[in-house]
$ cat coords27.txt   # compact mmCIF, C-alpha atoms
# COMPACT_ATOMS: atom_id res chain seq x y z
CA MET A 1 19.81 -119.72 12.01
CA ASN A 2 21.31 -121.09 8.86
CA VAL A 3 19.41 -123.67 6.83
CA ALA A 4 20.25 -125.33 3.52
CA PHE A 5 17.82 -127.17 1.25
CA ASP A 6 16.96 -127.76 -2.39
CA ILE A 7 14.15 -125.79 -3.95
CA ASN A 8 12.93 -126.60 -7.46
CA GLY A 9 16.23 -128.42 -8.03
CA GLN A 10 18.43 -125.54 -6.89
CA PRO A 11 20.46 -125.76 -3.68
CA VAL A 12 19.88 -122.70 -1.48
CA GLU A 13 21.10 -121.53 1.90
CA VAL A 14 19.18 -118.98 3.94
CA GLN A 15 19.57 -117.20 7.24
CA VAL A 16 16.22 -117.15 9.08
CA GLU A 17 14.76 -116.62 12.52
CA PRO A 18 13.39 -119.87 14.01
CA ARG A 19 9.88 -118.41 13.85
CA THR A 20 10.02 -117.88 10.07
CA THR A 21 7.58 -120.22 8.41
CA LEU A 22 8.59 -122.06 5.26
CA ALA A 23 5.91 -120.04 3.40
CA ASP A 24 7.47 -116.72 4.44
CA CYS A 25 10.97 -118.00 3.73
CA ILE A 26 9.93 -119.04 0.20
CA ARG A 27 8.22 -115.72 -0.51
CA HIS A 28 10.39 -113.19 1.33
CA ASP A 29 13.85 -114.72 1.38
CA LEU A 30 13.79 -116.72 -1.84
CA ARG A 31 11.42 -114.35 -3.67
CA LEU A 32 9.37 -117.20 -5.09
CA THR A 33 6.00 -115.51 -4.86
CA GLY A 34 3.98 -118.21 -6.63
CA THR A 35 3.33 -119.76 -3.21
CA HIS A 36 0.49 -117.78 -1.63
CA VAL A 37 -0.36 -117.25 2.01
CA GLY A 38 -4.08 -117.10 2.70
CA CYS A 39 -5.06 -117.96 6.26
CA ALA A 40 -1.56 -118.58 7.73
CA HIS A 41 -2.91 -121.29 10.03
CA GLY A 42 -3.28 -124.34 7.83
CA THR A 43 -6.93 -124.11 6.82
CA CYS A 44 -7.02 -122.68 3.30
CA GLY A 45 -4.37 -124.68 1.41
CA ALA A 46 -3.05 -121.76 -0.69
CA CYS A 47 0.51 -122.18 0.64
CA THR A 48 0.78 -125.91 -0.16
CA VAL A 49 4.20 -126.99 -1.45
CA ILE A 50 5.87 -130.37 -1.90
CA VAL A 51 8.47 -131.39 0.71
CA ASP A 52 10.30 -134.67 0.06
CA GLY A 53 7.43 -135.83 -2.16
CA ASP A 54 4.60 -134.88 0.19
CA ALA A 55 2.13 -132.02 -0.37
CA VAL A 56 2.26 -130.03 2.88
CA ARG A 57 1.20 -126.66 4.26
CA SER A 58 4.23 -124.36 4.16
CA CYS A 59 2.61 -122.03 6.71
CA LEU A 60 2.68 -124.85 9.29
CA ILE A 61 6.35 -125.70 8.84
CA LEU A 62 9.30 -123.73 10.15
CA ALA A 63 11.99 -122.96 7.60
CA VAL A 64 14.62 -124.20 10.10
CA GLN A 65 13.06 -127.68 9.94
CA MET A 66 13.92 -127.94 6.24
CA GLN A 67 17.65 -128.77 6.52
CA HIS A 68 18.50 -131.15 3.60
CA ALA A 69 14.87 -131.21 2.38
CA LYS A 70 13.84 -131.23 -1.28
CA ILE A 71 11.13 -128.66 -1.86
CA VAL A 72 9.02 -128.08 -4.97
CA THR A 73 6.86 -124.97 -5.34
CA VAL A 74 4.38 -124.09 -8.08
CA GLU A 75 7.26 -122.53 -10.05
CA GLY A 76 8.90 -125.98 -10.06
CA ILE A 77 6.03 -127.74 -11.81
CA SER A 78 5.87 -125.49 -14.87
CA ASN A 79 7.89 -125.67 -18.11
CA ASP A 80 8.52 -122.01 -18.85
CA ASP A 81 6.67 -121.41 -22.13
CA ALA A 82 4.67 -124.57 -22.80
CA LEU A 83 1.73 -125.30 -20.52
CA THR A 84 1.95 -128.61 -18.65
CA PRO A 85 -1.05 -130.94 -19.04
CA LEU A 86 -2.25 -129.84 -15.61
CA GLN A 87 -1.98 -126.14 -16.50
CA ALA A 88 -3.62 -126.71 -19.88
CA ALA A 89 -6.53 -128.53 -18.24
CA PHE A 90 -7.00 -125.70 -15.74
CA ARG A 91 -7.10 -123.19 -18.59
CA LYS A 92 -9.48 -125.26 -20.68
CA HIS A 93 -11.98 -125.76 -17.84
CA PHE A 94 -11.71 -122.22 -16.39
CA ALA A 95 -10.58 -123.86 -13.16
CA LEU A 96 -9.49 -120.52 -11.76
CA GLN A 97 -10.88 -117.03 -11.55
CA CYS A 98 -8.96 -114.75 -9.17
CA GLY A 99 -6.18 -117.34 -9.02
CA PHE A 100 -5.21 -116.83 -5.39
CA CYS A 101 -5.81 -120.45 -4.36
CA THR A 102 -4.53 -121.88 -7.66
CA PRO A 103 -0.86 -122.49 -6.74
CA GLY A 104 -1.89 -124.61 -3.74
CA ILE A 105 -4.43 -126.54 -5.79
CA LEU A 106 -1.98 -127.16 -8.65
CA ILE A 107 0.66 -128.41 -6.22
CA THR A 108 -1.85 -130.61 -4.39
CA ALA A 109 -3.20 -132.07 -7.63
CA HIS A 110 0.34 -132.64 -8.94
CA ALA A 111 1.42 -134.41 -5.73
CA LEU A 112 -1.74 -136.53 -5.67
CA LEU A 113 -1.61 -137.60 -9.33
CA THR A 114 2.12 -138.32 -9.08
CA GLU A 115 1.53 -140.50 -6.04
CA GLU A 116 -1.82 -141.95 -7.17
CA PRO A 117 -2.16 -141.63 -10.97
CA ASN A 118 -5.35 -143.71 -10.86
CA ALA A 119 -7.04 -141.59 -8.19
CA SER A 120 -10.83 -141.79 -8.55
CA GLU A 121 -13.05 -138.74 -8.78
CA ASP A 122 -14.06 -139.35 -5.17
CA ARG A 123 -10.45 -139.44 -4.08
CA ILE A 124 -9.69 -136.27 -6.04
CA ARG A 125 -12.65 -134.51 -4.43
CA ASP A 126 -11.60 -135.73 -1.00
CA VAL A 127 -8.05 -134.42 -1.46
CA LEU A 128 -9.15 -131.10 -2.98
CA SER A 129 -11.48 -130.56 -0.01
CA GLY A 130 -8.38 -129.33 1.81
CA SER A 131 -8.16 -126.26 -0.45
CA ILE A 132 -10.55 -123.33 -0.20
CA CYS A 133 -11.57 -121.55 -3.44
CA ARG A 134 -14.09 -118.73 -3.19
CA CYS A 135 -14.56 -118.21 -6.94
CA THR A 136 -15.03 -121.37 -8.96
CA GLY A 137 -17.44 -123.52 -7.01
CA TYR A 138 -14.84 -126.31 -7.38
CA ILE A 139 -16.57 -128.18 -10.21
CA PRO A 140 -14.26 -126.86 -12.98
CA ILE A 141 -11.26 -127.63 -10.74
CA VAL A 142 -12.35 -131.24 -10.33
CA GLN A 143 -12.96 -131.49 -14.09
CA ALA A 144 -9.49 -130.10 -14.83
CA VAL A 145 -7.75 -132.49 -12.45
CA LEU A 146 -9.71 -135.41 -13.90
CA GLU A 147 -8.63 -134.42 -17.40
CA ALA A 148 -4.98 -133.98 -16.40
CA ARG A 149 -5.02 -137.41 -14.75
CA ALA A 150 -4.58 -139.14 -18.11
CA ALA A 151 -1.19 -137.44 -18.63
CA TYR A 152 0.02 -138.63 -15.20
CA GLN A 153 -1.17 -142.16 -16.02
CA VAL A 154 0.86 -142.13 -19.25
CA GLN A 155 3.87 -140.84 -17.32
CA ALA A 156 3.48 -143.54 -14.66
CA ARG A 157 3.23 -146.25 -17.33
CA SER A 158 6.34 -145.04 -19.15
CA ALA A 159 8.22 -144.78 -15.83
CA ALA A 160 7.23 -148.37 -15.03
CA ALA A 161 8.20 -149.66 -18.50
CA MET B 1 -0.45 -113.58 12.51
CA LYS B 2 3.28 -114.13 12.36
CA LEU B 3 4.54 -116.54 15.00
CA PRO B 4 5.91 -115.17 18.29
CA ARG B 5 9.70 -115.36 18.77
CA PHE B 6 11.16 -118.58 20.14
CA GLU B 7 14.40 -120.53 20.10
CA TYR B 8 14.71 -123.80 18.21
CA ALA B 9 16.56 -127.05 18.90
CA SER B 10 16.53 -130.39 17.10
CA PRO B 11 18.13 -132.97 19.41
CA THR B 12 18.84 -136.52 18.24
CA THR B 13 17.79 -138.48 21.34
CA VAL B 14 14.75 -138.58 23.63
CA GLN B 15 17.05 -137.95 26.61
CA GLU B 16 18.47 -134.77 25.09
CA ALA B 17 14.97 -133.58 24.19
CA VAL B 18 13.70 -134.19 27.71
CA ALA B 19 16.76 -132.42 29.17
CA LEU B 20 16.01 -129.37 27.02
CA LEU B 21 12.36 -129.39 28.12
CA ALA B 22 13.37 -129.77 31.78
CA ALA B 23 15.94 -126.96 31.56
CA SER B 24 13.30 -124.53 30.31
CA ASN B 25 11.20 -124.66 33.50
CA GLY B 26 8.05 -125.47 31.61
CA THR B 27 8.42 -122.78 28.94
CA ALA B 28 9.54 -125.08 26.10
CA LYS B 29 7.25 -127.16 23.87
CA PRO B 30 7.99 -130.29 21.86
CA LEU B 31 7.36 -129.94 18.11
CA ALA B 32 6.45 -133.00 16.01
CA GLY B 33 4.34 -132.40 12.88
CA GLY B 34 3.34 -128.92 14.00
CA GLN B 35 -0.18 -129.24 12.59
CA SER B 36 -1.80 -128.19 15.88
CA LEU B 37 1.07 -126.36 17.57
CA VAL B 38 1.94 -123.99 14.71
CA PRO B 39 -1.68 -122.72 14.33
CA ILE B 40 -1.71 -122.13 18.11
CA LEU B 41 1.46 -120.07 17.71
CA ALA B 42 -0.03 -118.23 14.72
CA PHE B 43 -3.05 -117.29 16.84
CA ARG B 44 -0.60 -116.27 19.61
CA LEU B 45 -2.39 -118.54 22.04
CA ALA B 46 0.99 -119.82 23.21
CA ALA B 47 4.42 -118.24 23.32
CA PRO B 48 6.97 -120.92 24.21
CA SER B 49 10.57 -119.89 24.79
CA LEU B 50 11.92 -122.89 22.89
CA LEU B 51 10.59 -125.46 20.42
CA VAL B 52 12.22 -128.87 20.75
CA ASP B 53 11.84 -130.47 17.33
CA LEU B 54 11.59 -134.27 17.45
CA ARG B 55 12.30 -134.78 13.74
CA ARG B 56 15.86 -136.10 14.15
CA ILE B 57 15.12 -138.57 16.95
CA ALA B 58 15.34 -142.10 15.55
CA GLY B 59 12.76 -144.77 16.33
CA LEU B 60 9.72 -142.58 16.98
CA ASP B 61 8.19 -143.18 13.56
CA THR B 62 7.60 -146.93 13.63
CA ILE B 63 4.40 -148.94 13.66
CA ALA B 64 4.95 -152.30 15.37
CA ILE B 65 2.39 -155.08 15.70
CA ASP B 66 2.96 -157.95 18.13
CA ASP B 67 1.21 -160.05 20.81
CA ALA B 68 0.82 -156.97 22.99
CA GLY B 69 -1.08 -155.08 20.28
CA VAL B 70 -0.35 -152.18 17.97
CA HIS B 71 2.46 -149.84 18.97
CA LEU B 72 2.46 -146.46 17.27
CA GLY B 73 5.53 -144.28 17.68
CA ALA B 74 4.83 -140.66 18.59
CA ARG B 75 5.98 -139.35 15.22
CA VAL B 76 3.90 -141.78 13.12
CA ARG B 77 1.83 -139.66 10.73
CA TRP B 78 -1.78 -140.17 9.65
CA CYS B 79 -0.59 -141.02 6.14
CA ASP B 80 1.71 -143.72 7.59
CA ILE B 81 -1.26 -145.36 9.31
CA GLU B 82 -3.29 -145.10 6.11
CA ALA B 83 -0.49 -146.73 4.09
CA ASP B 84 0.08 -149.64 6.51
CA ALA B 85 -1.95 -152.51 5.06
CA ARG B 86 -1.44 -154.65 8.20
CA LEU B 87 -3.71 -152.39 10.22
CA ALA B 88 -6.82 -153.37 8.25
CA THR B 89 -6.80 -156.60 10.27
CA ALA B 90 -4.50 -155.71 13.19
CA HIS B 91 -6.71 -152.76 14.16
CA PRO B 92 -9.55 -152.01 11.75
CA LEU B 93 -11.17 -149.51 14.13
CA LEU B 94 -7.99 -147.39 14.19
CA ALA B 95 -7.66 -147.60 10.41
CA ALA B 96 -11.28 -146.51 9.94
CA ALA B 97 -11.05 -143.64 12.43
CA VAL B 98 -7.88 -142.23 10.92
CA THR B 99 -9.55 -141.81 7.51
CA HIS B 100 -11.55 -138.99 9.14
CA VAL B 101 -8.54 -137.00 10.37
CA ALA B 102 -8.09 -133.61 8.69
CA HIS B 103 -7.09 -133.18 5.03
CA TYR B 104 -4.52 -134.70 2.64
CA ALA B 105 -1.73 -132.17 3.25
CA ILE B 106 -2.28 -132.10 7.03
CA ARG B 107 -2.21 -135.90 7.07
CA LYS B 108 1.29 -135.84 5.57
CA ARG B 109 2.64 -134.00 8.66
CA GLY B 110 0.21 -134.52 11.55
CA THR B 111 1.35 -137.10 14.10
CA VAL B 112 -0.02 -139.53 16.65
CA GLY B 113 1.93 -137.95 19.52
CA GLY B 114 0.89 -134.45 18.52
CA SER B 115 -2.80 -135.33 18.45
CA LEU B 116 -2.62 -137.03 21.86
CA ALA B 117 -0.68 -134.15 23.43
CA HIS B 118 -2.98 -131.54 21.88
CA ALA B 119 -6.06 -133.41 23.24
CA ASP B 120 -8.79 -131.74 21.25
CA PRO B 121 -12.08 -133.13 22.64
CA ALA B 122 -13.26 -133.86 19.07
CA ALA B 123 -10.06 -135.48 17.74
CA GLU B 124 -10.24 -139.05 16.50
CA LEU B 125 -7.10 -140.65 17.97
CA PRO B 126 -7.79 -139.59 21.57
CA GLY B 127 -11.24 -141.14 21.07
CA ILE B 128 -9.72 -144.39 19.84
CA ALA B 129 -7.25 -144.36 22.74
CA ILE B 130 -10.10 -144.05 25.22
CA ALA B 131 -12.39 -146.54 23.46
CA CYS B 132 -9.63 -149.16 23.26
CA ASP B 133 -8.03 -148.84 26.73
CA ALA B 134 -4.78 -147.70 25.14
CA GLU B 135 -1.63 -147.13 27.11
CA LEU B 136 0.70 -144.17 26.51
CA THR B 137 4.42 -144.23 27.19
CA LEU B 138 5.78 -140.95 28.54
CA VAL B 139 9.45 -140.20 29.10
CA GLY B 140 10.60 -137.50 31.51
CA PRO B 141 13.79 -136.61 33.39
CA SER B 142 13.17 -139.34 35.97
CA GLY B 143 12.53 -142.02 33.37
CA ARG B 144 9.69 -143.74 31.63
CA ARG B 145 6.10 -144.22 32.81
CA SER B 146 2.99 -145.81 31.35
CA VAL B 147 -0.29 -143.98 31.60
CA PRO B 148 -3.66 -145.47 30.64
CA ALA B 149 -5.57 -143.25 28.21
CA GLU B 150 -8.34 -142.98 30.82
CA ALA B 151 -5.92 -141.11 33.13
CA PHE B 152 -4.23 -139.09 30.38
CA PHE B 153 -7.01 -136.83 29.07
CA LEU B 154 -8.02 -134.36 31.78
CA GLY B 155 -10.06 -131.79 29.88
CA PRO B 156 -10.07 -129.69 26.71
CA LEU B 157 -6.44 -129.42 25.51
CA THR B 158 -5.38 -130.64 28.95
CA THR B 159 -3.51 -133.87 29.68
CA ALA B 160 -1.42 -135.60 32.33
CA LEU B 161 1.72 -134.93 30.28
CA ALA B 162 4.19 -132.89 32.39
CA PRO B 163 5.93 -129.94 30.69
CA ASP B 164 9.22 -131.87 30.78
CA GLU B 165 7.79 -135.12 29.42
CA LEU B 166 7.50 -136.50 25.89
CA ILE B 167 5.01 -139.01 24.55
CA THR B 168 7.10 -141.71 22.86
CA GLN B 169 4.40 -144.20 21.90
CA ILE B 170 0.85 -145.40 22.30
CA ARG B 171 -0.11 -149.05 22.50
CA LEU B 172 -3.53 -150.33 21.50
CA PRO B 173 -4.28 -153.79 22.99
CA PRO B 174 -4.59 -156.75 20.58
CA TRP B 175 -7.66 -156.91 18.38
CA PRO B 176 -9.53 -160.28 18.15
CA SER B 177 -10.43 -160.94 14.52
CA ALA B 178 -14.07 -161.78 15.33
CA ARG B 179 -14.67 -158.50 17.14
CA ARG B 180 -17.65 -156.42 15.90
CA TRP B 181 -16.98 -152.72 15.52
CA GLY B 182 -18.07 -149.46 13.97
CA PHE B 183 -16.75 -145.93 13.67
CA GLN B 184 -19.03 -143.02 12.85
CA GLU B 185 -18.58 -139.29 12.98
CA PHE B 186 -20.29 -136.24 11.60
CA ALA B 187 -18.57 -132.99 10.61
CA ARG B 188 -20.08 -130.16 8.60
CA ARG B 189 -17.31 -130.35 6.01
CA ARG B 190 -14.97 -133.17 5.08
CA GLY B 191 -11.84 -133.07 7.24
CA ASP B 192 -13.29 -130.76 9.88
CA PHE B 193 -13.37 -131.62 13.55
CA ALA B 194 -16.40 -133.77 14.34
CA LEU B 195 -19.52 -132.35 15.96
CA ALA B 196 -19.82 -135.83 17.40
CA GLY B 197 -18.17 -139.17 16.81
CA VAL B 198 -18.39 -142.75 18.07
CA ALA B 199 -15.90 -145.61 18.18
CA ALA B 200 -17.69 -148.74 19.30
CA PHE B 201 -16.90 -152.43 19.51
CA TYR B 202 -18.08 -155.57 21.26
CA ASP B 203 -17.28 -159.28 21.30
CA LEU B 204 -19.82 -162.09 21.24
CA ASP B 205 -20.03 -164.58 24.09
CA SER B 206 -20.79 -168.29 23.57
CA ALA B 207 -24.52 -167.55 23.66
CA GLY B 208 -24.15 -164.96 20.89
CA HIS B 209 -24.72 -162.01 23.23
CA ALA B 210 -22.68 -158.81 23.28
CA ALA B 211 -19.81 -158.84 25.75
CA ASN B 212 -16.94 -156.52 26.54
CA SER B 213 -18.69 -153.56 24.88
CA HIS B 214 -16.65 -150.42 24.52
CA ILE B 215 -18.28 -147.20 23.36
CA GLY B 216 -15.96 -144.21 23.08
CA VAL B 217 -17.24 -140.79 22.02
CA ILE B 218 -15.64 -137.56 20.79
CA GLY B 219 -16.94 -134.02 20.44
CA VAL B 220 -19.75 -134.42 22.96
CA ASP B 221 -17.90 -133.71 26.18
CA ASP B 222 -14.87 -131.81 27.46
CA ARG B 223 -12.68 -134.81 26.60
CA PRO B 224 -13.01 -138.15 24.83
CA ARG B 225 -14.79 -140.60 27.11
CA ARG B 226 -16.23 -144.08 27.36
CA LEU B 227 -19.93 -144.41 27.97
CA THR B 228 -19.92 -147.23 30.49
CA ALA B 229 -23.63 -146.91 31.30
CA ALA B 230 -24.46 -147.33 27.61
CA GLU B 231 -22.05 -150.27 27.35
CA ALA B 232 -23.90 -151.88 30.28
CA VAL B 233 -27.17 -151.60 28.35
CA LEU B 234 -25.65 -153.52 25.44
CA ASN B 235 -23.67 -156.18 27.32
CA GLY B 236 -25.43 -159.52 27.68
CA ARG B 237 -28.03 -158.78 25.02
CA THR B 238 -28.56 -159.98 21.50
CA VAL B 239 -27.55 -157.04 19.34
CA ASP B 240 -30.85 -156.36 17.60
CA ALA B 241 -32.67 -153.13 16.78
CA ASN B 242 -34.15 -152.88 20.29
CA ALA B 243 -30.80 -153.29 22.01
CA ILE B 244 -29.20 -150.77 19.69
CA THR B 245 -31.95 -148.18 20.26
CA ALA B 246 -31.75 -148.62 24.04
CA THR B 247 -27.96 -148.23 23.96
CA ALA B 248 -28.16 -145.11 21.77
CA GLU B 249 -30.79 -143.55 24.04
CA MET B 250 -28.64 -144.15 27.09
CA ALA B 251 -25.60 -142.69 25.29
CA ALA B 252 -27.45 -139.48 24.47
CA ARG B 253 -28.70 -139.17 28.04
CA ILE B 254 -25.34 -139.41 29.80
CA VAL B 255 -23.14 -137.07 27.74
CA ASP B 256 -22.67 -133.37 28.42
CA PRO B 257 -22.17 -131.83 24.98
CA PRO B 258 -20.96 -128.28 24.40
CA ASP B 259 -23.41 -125.64 23.21
CA ASP B 260 -21.54 -123.49 20.70
CA ILE B 261 -21.70 -121.86 17.27
CA HIS B 262 -21.07 -125.24 15.62
CA GLY B 263 -24.11 -126.91 17.16
CA THR B 264 -26.39 -126.79 20.19
CA ALA B 265 -26.05 -129.30 23.00
CA ARG B 266 -29.49 -130.68 22.11
CA TYR B 267 -28.47 -131.20 18.50
CA ARG B 268 -25.23 -132.94 19.45
CA ARG B 269 -27.09 -135.25 21.82
CA ALA B 270 -29.52 -136.27 19.07
CA LEU B 271 -26.64 -136.62 16.62
CA LEU B 272 -24.76 -138.84 19.03
CA ALA B 273 -27.75 -141.17 19.40
CA THR B 274 -27.90 -141.51 15.61
CA LEU B 275 -24.17 -142.16 15.34
CA VAL B 276 -24.23 -144.80 18.10
CA GLU B 277 -27.07 -146.51 16.28
CA ARG B 278 -25.20 -146.43 12.98
CA ALA B 279 -21.94 -147.62 14.54
CA LEU B 280 -23.65 -150.60 16.17
CA THR B 281 -25.89 -151.37 13.20
CA GLY B 282 -22.92 -151.41 10.84
CA ALA B 283 -20.81 -153.42 13.26
CA PRO B 284 -21.78 -157.02 12.43
CA ALA B 285 -21.38 -156.60 8.68
CA LYS B 286 -17.75 -155.59 8.98
CA ALA B 287 -16.68 -158.43 11.24
$ encode --input "coords27.txt" --output "structure tokens"
Amino acid sequence: MNVAFDINGQPVEVQVEPRTTLADCIRHDLRLTGTHVGCAHGTCGACTVIVDGDAVRSCLILAVQMQHAKIVTVEGISNDDALTPLQAAFRKHFALQCGFCTPGILITAHALLTEEPNASEDRIRDVLSGSICRCTGYIPIVQAVLEARAAYQVQARSAAA
Amino acid sequence: MKLPRFEYASPTTVQEAVALLAASNGTAKPLAGGQSLVPILAFRLAAPSLLVDLRRIAGLDTIAIDDAGVHLGARVRWCDIEADARLATAHPLLAAAVTHVAHYAIRKRGTVGGSLAHADPAAELPGIAIACDAELTLVGPSGRRSVPAEAFFLGPLTTALAPDELITQIRLPPWPSARRWGFQEFARRRGDFALAGVAAFYDLDSAGHAANSHIGVIGVDDRPRRLTAAEAVLNGRTVDANAITATAEMAARIVDPPDDIHGTARYRRALLATLVERALTGAPAKA
């Protein structure tokens, strides 16, 4: 089947089987391999992407459901050379080791802080509980997201002004 | 695993969707948020010939509140319930229960209709439906029918929904503002399915005694159920520590919890007693 959507601001059109998940479509058809597939049944959070503003599991969505959708992957929240505040905070706090889960966590944190720039530490922990990381023990991840929060608050204030 | 092969359709009306389901002789499945169905496909536990996606059908994603209660469309998501400030008073028990459903990203896709149709014995919304005497609206080829929650859940992942029927909405009866209530569940990790959970409420009669008690439980039987014998212990009594302990003891006695790798039956029974106690102890403060 044919499906057309926007990904990271670019319109794309792909030919996929109905059973192709959005995660596989992003990786295999669009060759955006920043999105990782861990468990492939919605438990681990590695494949999380943003669809129409919502952080969602791309392994639990069919690509054919994405007609007219606006999708953002981890590639879409970076600025080429300069690190974003979220990336810089992850680096500073060693919030990743093997890095496999990192794209899903970055996307989740970005979606959360965009939607709720004043999210409390409790809220951040609650939301991050949907992502499994076997390396870090989570504490540096929470610290990084808390540090990056200030940049999202500034952005939200300037958007409101 | 990769999903098995299937066809895909995204009709724009309930009638078209039902016609597609009916034409498949029971081999098609409706797809809403996909947060339970797609994992089942990934595990190859089901291999439908056709998925009928409900995403383009208008009117299934509304939350309406009127004299008949709270009406949740089948495609209402957990995050929609969370974001609807009216529900804090229109149905605080529902609002509290939904905070326990899954994780952030799942909550952005998972739906009311999907949870009811999936009928996991530990899922929150089926428990609320049972505890609150909810009524489900099902639409099939021969028209619409209403089914009380009590007659809908038949066993683990088994419901009264026919293969050619769709759930279009669930209605929770009106919620008196003075009602006392509590929701408690325990899961090993945040967002996991509960090992046991309780949705309880009661009203107070003119003498200040509990009346109209409803105690619904999840995770401790093959389906969500009301504990009428425990409700009978509470009804007509002043809700004090003795009444609460007696009710919790009765609750633990009459359930038939599973014995599995997540917890023994004995453990779940003891856990349920604690949760019933907490739900009833916390109830007055929230009213």
$ interface_residues --input "coords27.txt" --of "chain A" --to "chain B" --cutoff "10 Å" --atoms "only C-alpha atoms" --output "JSON, numbers by chain"
{"A": [1, 17, 18, 19, 20, 21, 24, 39, 40, 41, 42, 43, 45, 48, 49, 50, 51, 53, 54, 55, 56, 57, 58, 59, 60, 61, 62, 64, 65, 108, 111, 112, 125, 126, 127, 128, 129, 130, 131]}
$ axis_aligned_box --input "coords27.txt" --around "stretch 29-47 of chain A" --padding-each-side "4 Å" --output "JSON"
{"center_x": 3.4, "center_y": -119.5, "center_z": 1.7, "size_x": 28.9, "size_y": 18.3, "size_z": 24.7}
$ closest_residue --input "coords27.txt" --among "B:Gln169, B:Gln184, B:Thr89, B:Thr159" --to "B:Glu124" --atoms "all atoms listed in the file"
B:Gln184
$ residues_around --input "coords27.txt" --residues "A:His93" --least-positions-apart "3" --cutoff "7 Å" --atoms "all atoms listed in the file" --output "ChimeraX atom specification"
/A:89-90,140,143-144
$ closest_residue --input "coords27.txt" --among "A:Val154, A:Ile141, A:Cys101, A:Cys135" --to "A:Asn118" --atoms "all atoms listed in the file"
A:Val154
$ closest_residue --input "coords27.txt" --among "B:Val139, B:Ala134, B:Ala252, B:Ala90" --to "B:Ala19" --atoms "only C-alpha atoms"
B:Val139
$ closest_residue --input "coords27.txt" --among "A:Ala156, A:Val142, A:Ile132, A:Cys25" --to "A:Ala63" --atoms "all atoms listed in the file"
A:Cys25
$ atom_distance --input "coords27.txt" --atom1 "atom CA of B:Ala194" --atom2 "atom CA of B:Gly182"
15.8 Å
$ atom_distance --input "coords27.txt" --atom1 "atom CA of B:Gly197" --atom2 "atom CA of A:Tyr138"
27.6 Å
$ closest_residue --input "coords27.txt" --among "B:Ala178, B:Ala68, B:Leu166, B:Ala122" --to "B:Val217" --atoms "only C-alpha atoms"
B:Ala122
$ atom_distance --input "coords27.txt" --atom1 "atom CA of A:Val14" --atom2 "atom CA of A:Leu30"
8.2 Å
$ closest_residue --input "coords27.txt" --among "B:Ile130, B:Ala230, B:Ala196, B:Ala270" --to "B:Arg171" --atoms "only C-alpha atoms"
B:Ile130
